[in-house]
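Below is entry_39.cif, which holds mmCIF, C-alpha atoms.
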data_coords
#
loop_
_atom_site.group_PDB
_atom_site.id
_atom_site.type_symbol
_atom_site.label_atom_id
_atom_site.label_comp_id
_atom_site.auth_asym_id
_atom_site.auth_seq_id
_atom_site.Cartn_x
_atom_site.Cartn_y
_atom_site.Cartn_z
ATOM 1 C CA MET A 1 99.760 130.845 109.420
ATOM 2 C CA SER A 2 97.409 128.679 107.484
ATOM 3 C CA ALA A 3 96.393 128.884 103.858
ATOM 4 C CA SER A 4 93.046 130.424 104.813
ATOM 5 C CA ASP A 5 94.886 133.435 106.293
ATOM 6 C CA PHE A 6 96.249 134.265 102.841
ATOM 7 C CA LEU A 7 92.922 133.969 101.024
ATOM 8 C CA PRO A 8 91.648 137.477 101.960
ATOM 9 C CA LEU A 9 95.029 138.877 100.946
ATOM 10 C CA LEU A 10 94.883 137.197 97.554
ATOM 11 C CA THR A 11 91.322 138.307 96.871
ATOM 12 C CA SER A 12 92.137 141.918 97.736
ATOM 13 C CA LEU A 13 94.872 142.153 95.081
ATOM 14 C CA PRO A 14 93.962 144.183 92.014
ATOM 15 C CA ALA A 15 92.967 141.970 89.134
ATOM 16 C CA SER A 16 94.558 143.925 86.332
ATOM 17 C CA GLY A 17 95.537 142.040 83.209
ATOM 18 C CA ALA A 18 99.164 143.247 83.275
ATOM 19 C CA ALA A 19 99.722 142.158 86.876
ATOM 20 C CA THR A 20 98.164 138.778 86.224
ATOM 21 C CA ASN A 21 100.307 138.282 83.127
ATOM 22 C CA ALA A 22 103.445 139.343 85.006
ATOM 23 C CA ILE A 23 102.738 136.933 87.839
ATOM 24 C CA ALA A 24 102.036 134.134 85.369
ATOM 25 C CA ALA A 25 105.274 134.886 83.490
ATOM 26 C CA VAL A 26 107.345 134.880 86.697
ATOM 27 C CA PHE A 27 105.691 131.656 87.798
ATOM 28 C CA ALA A 28 106.374 130.018 84.404
ATOM 29 C CA LEU A 29 110.001 131.198 84.518
ATOM 30 C CA ILE A 30 110.476 129.720 87.993
ATOM 31 C CA ILE A 31 108.910 126.389 86.975
ATOM 32 C CA THR A 32 111.030 126.227 83.810
ATOM 33 C CA THR A 33 114.218 127.026 85.736
ATOM 34 C CA LEU A 34 113.448 124.351 88.330
ATOM 35 C CA PHE A 35 112.726 121.791 85.610
ATOM 36 C CA ILE A 36 115.969 122.544 83.775
ATOM 37 C CA HIS A 37 117.915 122.350 87.033
ATOM 38 C CA CYS A 38 116.346 119.017 88.029
ATOM 39 C CA ALA A 39 116.882 117.556 84.568
ATOM 40 C CA SER A 40 120.329 119.049 83.953
ATOM 41 C CA PRO A 41 122.920 116.545 82.714
ATOM 42 C CA MET A 42 125.424 117.401 85.487
ATOM 43 C CA ARG A 43 122.909 116.791 88.261
ATOM 44 C CA LEU A 44 121.647 113.589 86.664
ATOM 45 C CA THR A 45 125.236 112.418 86.215
ATOM 46 C CA ASP A 46 125.738 112.764 89.973
ATOM 47 C CA VAL A 47 122.515 110.798 90.572
ATOM 48 C CA LEU A 48 123.751 108.122 88.150
ATOM 49 C CA VAL A 49 127.116 107.810 89.916
ATOM 50 C CA ILE A 50 125.397 107.482 93.304
ATOM 51 C CA ALA A 51 123.007 104.842 91.932
ATOM 52 C CA MET A 52 125.951 102.917 90.469
ATOM 53 C CA ASP A 53 127.799 103.035 93.809
ATOM 54 C CA GLU A 54 124.730 101.657 95.596
ATOM 55 C CA THR A 55 124.378 98.914 92.974
ATOM 56 C CA GLU A 56 128.040 97.959 93.371
ATOM 57 C CA LYS A 57 127.603 97.728 97.160
ATOM 58 C CA THR A 58 124.543 95.524 96.695
ATOM 59 C CA TYR A 59 126.483 93.337 94.259
ATOM 60 C CA VAL A 60 129.399 92.952 96.695
ATOM 61 C CA ASP A 61 126.985 92.114 99.533
ATOM 62 C CA ALA A 62 125.366 89.417 97.394
ATOM 63 C CA PHE A 63 128.786 88.080 96.428
ATOM 64 C CA GLU A 64 129.844 87.903 100.088
ATOM 65 C CA MET A 65 126.603 86.098 100.970
ATOM 66 C CA GLY A 66 127.350 83.493 98.326
ATOM 67 C CA VAL A 67 124.397 84.139 96.041
ATOM 68 C CA ARG A 68 125.114 81.771 93.147
ATOM 69 C CA PRO A 69 122.748 83.157 90.487
ATOM 70 C CA ILE A 70 124.966 86.255 90.350
ATOM 71 C CA PHE A 71 127.548 84.174 88.509
ATOM 72 C CA ASP A 72 125.079 82.141 86.444
ATOM 73 C CA ASN A 73 122.877 84.919 85.046
ATOM 74 C CA GLY A 74 125.599 87.071 83.545
ATOM 75 C CA ILE A 75 125.018 89.837 86.062
ATOM 76 C CA ALA A 76 128.766 90.361 86.310
ATOM 77 C CA LYS A 77 128.862 91.154 82.577
ATOM 78 C CA THR A 78 125.957 93.547 82.923
ATOM 79 C CA MET A 79 127.627 95.189 85.921
ATOM 80 C CA THR A 80 130.881 95.617 83.998
ATOM 81 C CA ARG A 81 129.067 97.047 80.975
ATOM 82 C CA LEU A 82 127.185 99.521 83.153
ATOM 83 C CA GLN A 83 130.361 100.548 84.994
ATOM 84 C CA ILE A 84 132.043 101.344 81.683
ATOM 85 C CA GLN A 85 128.954 103.179 80.419
ATOM 86 C CA VAL A 86 128.690 105.245 83.615
ATOM 87 C CA SER A 87 132.395 106.055 83.449
ATOM 88 C CA ASP A 88 132.059 107.232 79.833
ATOM 89 C CA ILE A 89 128.985 109.328 80.652
ATOM 90 C CA ARG A 90 130.727 110.897 83.648
ATOM 91 C CA ALA A 91 133.804 111.772 81.596
ATOM 92 C CA ALA A 92 131.687 113.328 78.839
ATOM 93 C CA SER A 93 129.631 115.293 81.382
ATOM 94 C CA LEU A 94 132.751 116.627 83.056
ATOM 95 C CA ARG A 95 134.165 117.743 79.705
ATOM 96 C CA GLN A 96 130.919 119.516 78.850
ATOM 97 C CA SER A 97 130.394 121.111 82.254
ATOM 98 C CA LEU A 98 132.896 123.866 81.687
ATOM 99 C CA SER A 99 130.144 126.345 80.848
ATOM 100 C CA TYR A 100 126.441 126.695 81.464
ATOM 101 C CA ARG A 101 125.858 127.133 77.761
ATOM 102 C CA SER A 102 127.278 123.693 76.927
ATOM 103 C CA GLY A 103 125.253 122.131 79.755
ATOM 104 C CA LEU A 104 122.107 123.767 78.449
ATOM 105 C CA TRP A 105 122.981 122.667 74.913
ATOM 106 C CA GLN A 106 123.355 119.072 76.115
ATOM 107 C CA PHE A 107 119.993 119.344 77.841
ATOM 108 C CA PHE A 108 118.288 120.409 74.612
ATOM 109 C CA LYS A 109 120.137 117.747 72.594
ATOM 110 C CA GLY A 110 118.458 115.061 74.692
ATOM 111 C CA ARG A 111 121.312 113.960 76.945
ATOM 112 C CA THR A 112 118.856 114.060 79.838
ATOM 113 C CA PHE A 113 116.888 111.150 78.374
ATOM 114 C CA THR A 114 120.084 109.127 77.877
ATOM 115 C CA LEU A 115 120.988 109.693 81.517
ATOM 116 C CA LEU A 116 117.486 108.838 82.742
ATOM 117 C CA CYS A 117 117.550 105.571 80.769
ATOM 118 C CA CYS A 118 120.934 104.660 82.215
ATOM 119 C CA ILE A 119 119.769 105.502 85.766
ATOM 120 C CA TRP A 120 116.721 103.295 85.226
ATOM 121 C CA GLU A 121 118.910 100.429 83.987
ATOM 122 C CA VAL A 122 121.285 100.711 86.963
ATOM 123 C CA GLN A 123 118.396 100.793 89.445
ATOM 124 C CA SER A 124 116.770 97.858 87.682
ATOM 125 C CA LEU A 125 119.957 95.814 88.058
ATOM 126 C CA LYS A 126 120.168 96.735 91.739
ATOM 127 C CA THR A 127 116.563 95.633 92.267
ATOM 128 C CA HIS A 128 117.249 92.342 90.470
ATOM 129 C CA ILE A 129 120.284 91.662 92.702
ATOM 130 C CA GLU A 130 118.284 92.503 95.838
ATOM 131 C CA ILE A 131 115.540 90.080 94.764
ATOM 132 C CA MET A 132 118.131 87.330 94.307
ATOM 133 C CA LYS A 133 119.582 88.105 97.749
ATOM 134 C CA GLU A 134 116.149 87.830 99.346
ATOM 135 C CA GLU A 135 115.435 84.554 97.528
ATOM 136 C CA HIS A 136 118.803 83.231 98.692
ATOM 137 C CA LEU A 137 117.995 84.179 102.278
ATOM 138 C CA ARG A 138 114.511 82.699 102.075
ATOM 139 C CA ALA A 139 115.815 79.418 100.639
ATOM 140 C CA GLY A 140 118.533 79.163 103.270
ATOM 141 C CA TYR A 141 116.239 80.212 106.090
ATOM 142 C CA SER A 142 113.731 77.509 105.243
ATOM 143 C CA LEU A 143 116.529 74.939 105.562
ATOM 144 C CA GLY A 144 117.214 76.202 109.095
ATOM 145 C CA GLY A 145 121.003 76.386 108.888
ATOM 146 C CA TYR A 146 123.094 78.308 111.416
ATOM 147 C CA GLY A 147 124.945 80.187 108.699
ATOM 148 C CA THR A 148 121.665 81.493 107.404
ATOM 149 C CA ALA A 149 120.782 83.079 110.730
ATOM 150 C CA ALA A 150 124.151 84.819 110.689
ATOM 151 C CA ALA A 151 123.500 85.953 107.145
ATOM 152 C CA MET A 152 120.042 87.200 108.151
ATOM 153 C CA GLY A 153 121.570 89.202 111.008
ATOM 154 C CA TYR A 154 124.118 90.600 108.555
ATOM 155 C CA ILE A 155 121.363 91.755 106.185
ATOM 156 C CA ILE A 156 119.356 93.352 108.983
ATOM 157 C CA ARG A 157 122.443 95.279 110.143
ATOM 158 C CA ARG A 158 123.153 96.367 106.554
ATOM 159 C CA ARG A 159 119.561 97.599 106.168
ATOM 160 C CA GLN A 160 119.782 99.560 109.423
ATOM 161 C CA ILE A 161 123.045 101.174 108.341
ATOM 162 C CA HIS A 162 121.580 101.926 104.890
ATOM 163 C CA PHE A 163 118.475 103.497 106.464
ATOM 164 C CA ILE A 164 120.529 105.681 108.810
ATOM 165 C CA THR A 165 122.815 106.747 105.946
ATOM 166 C CA ARG A 166 119.865 107.707 103.715
ATOM 167 C CA LEU A 167 118.221 109.560 106.595
ATOM 168 C CA CYS A 168 121.388 111.565 107.227
ATOM 169 C CA ASN A 169 121.745 112.338 103.496
ATOM 170 C CA CYS A 170 118.187 113.672 103.391
ATOM 171 C CA LEU A 171 118.880 116.033 106.270
ATOM 172 C CA TYR A 172 121.751 117.758 104.467
#

Written form, structure tokens:
Amino acid sequence: MSASDFLPLLTSLPASGAATNAIAAVFALIITTLFIHCASPMRLTDVLVIAMDETEKTYVDAFEMGVRPIFDNGIAKTMTRLQIQVSDIRAASLRQSLSYRSGLWQFFKGRTFTLLCCIWEVQSLKTHIEIMKEEHLRAGYSLGGYGTAAAMGYIIRRRQIHFITRLCNCLY
């Protein structure tokens, strides 16, 4: 059925004020519930942990490739600081997840914004590491070394595995 099939049905509904208000109230309640669920501290904590795991994998890949700026730019310190911060946030979220009321209280206290900022920082670090990996590959590839071709094949395989993993996660 297409959207045009529903148009005659919608226009034939009675346009009473009470029905319209009831539909608007139900719609607002559904939207509010969805927003609170999407921005709940427990769900965002899970997103943060997944983002941190992906960042750690990217960091290890860069380390195995021999990307030198990882050691020079203090990324290891940033990674360690973020790991500790994520661990503390996860522990606090688990302590406060014992009831829906405490989760809702944390939502209204602004914990959601703290989690969103931390997720942004973790994803920013991951992007920075990926940029350094690409620059490392580009610099080595322009030199034409054999090890670089092997490294390029390694990255392509990692990207294929990452794509397949993300595709499978979206299906479930």

List as a PyMOL selection string the protein and nucleic acid residues near range 56-61 of chain A, meaning an atom at most 8 Å away when all atoms listed in the file are counted, but skip any in the same chain fewer than 3 places from it.
chain A and resi 52-53+64-65+79+126+129-130

Just-selected residues, C-alpha atoms written as an mmCIF file, keeping the file's coordinate frame:
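Produced file result00.cif, reproduced below:
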data_model
loop_
_atom_site.group_PDB
_atom_site.id
_atom_site.type_symbol
_atom_site.label_atom_id
_atom_site.label_comp_id
_atom_site.auth_asym_id
_atom_site.auth_seq_id
_atom_site.Cartn_x
_atom_site.Cartn_y
_atom_site.Cartn_z
ATOM 1 C CA MET A 52 125.951 102.917 90.469
ATOM 2 C CA ASP A 53 127.799 103.035 93.809
ATOM 3 C CA GLU A 64 129.844 87.903 100.088
ATOM 4 C CA MET A 65 126.603 86.098 100.970
ATOM 5 C CA MET A 79 127.627 95.189 85.921
ATOM 6 C CA LYS A 126 120.168 96.735 91.739
ATOM 7 C CA ILE A 129 120.284 91.662 92.702
ATOM 8 C CA GLU A 130 118.284 92.503 95.838
#

Applying 8 Å and only C-alpha atoms, which residues near Cys118 in chain A remain after dropping the ones on its own chain fewer than 3 positions away? List them as a PyMOL selection string.
chain A and resi 48+86+114-115+121-122

Env of Thr112 in chain A: 8 Å cut, atoms = all atoms listed in the file, seq-sep filter 4 positions within chain, self excluded. Answer as a list in words.
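Within the cut-off, the hits are Ala39, Ser40, Pro41, Leu44, Gln106, Phe107 and Leu116 of chain A.
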
Point-to-point distance in Å for CA of His128 in chain A and CA of Arg68 in chain A:
13.4 Å

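Nearest residue to Ala76 in chain A, choosing from A:Val47, A:Arg95, A:Ala62, A:Asn21 and counting all atoms listed in the file: A:Ala62.
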
So the first atom is CA of His37 in chain A and the second is CA of Ser93 in chain A; what is the distance between them in Å, to one decimal place?
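Spanning CA of His37 in chain A to CA of Ser93 in chain A is a straight-line distance of 14.8 Å.
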
Could you check how far CA of Ala51 in chain A sits from CA of Ile119 in chain A, in Å to one decimal?
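Value for the CA of Ala51 in chain A-CA of Ile119 in chain A distance: 7.0 Å.
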
For Thr33 in chain A, which residue out of A:Leu104, A:Ala91, A:Thr127, A:Glu135 is the nearest one, using only C-alpha atoms?
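Among A:Leu104, A:Ala91, A:Thr127, A:Glu135, it is A:Leu104 that comes nearest to Thr33 in chain A.
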
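Nearest residue to Leu98 in chain A among A:Glu134, A:Gly110, A:Phe63, A:Met42 is A:Met42, counting only C-alpha atoms.
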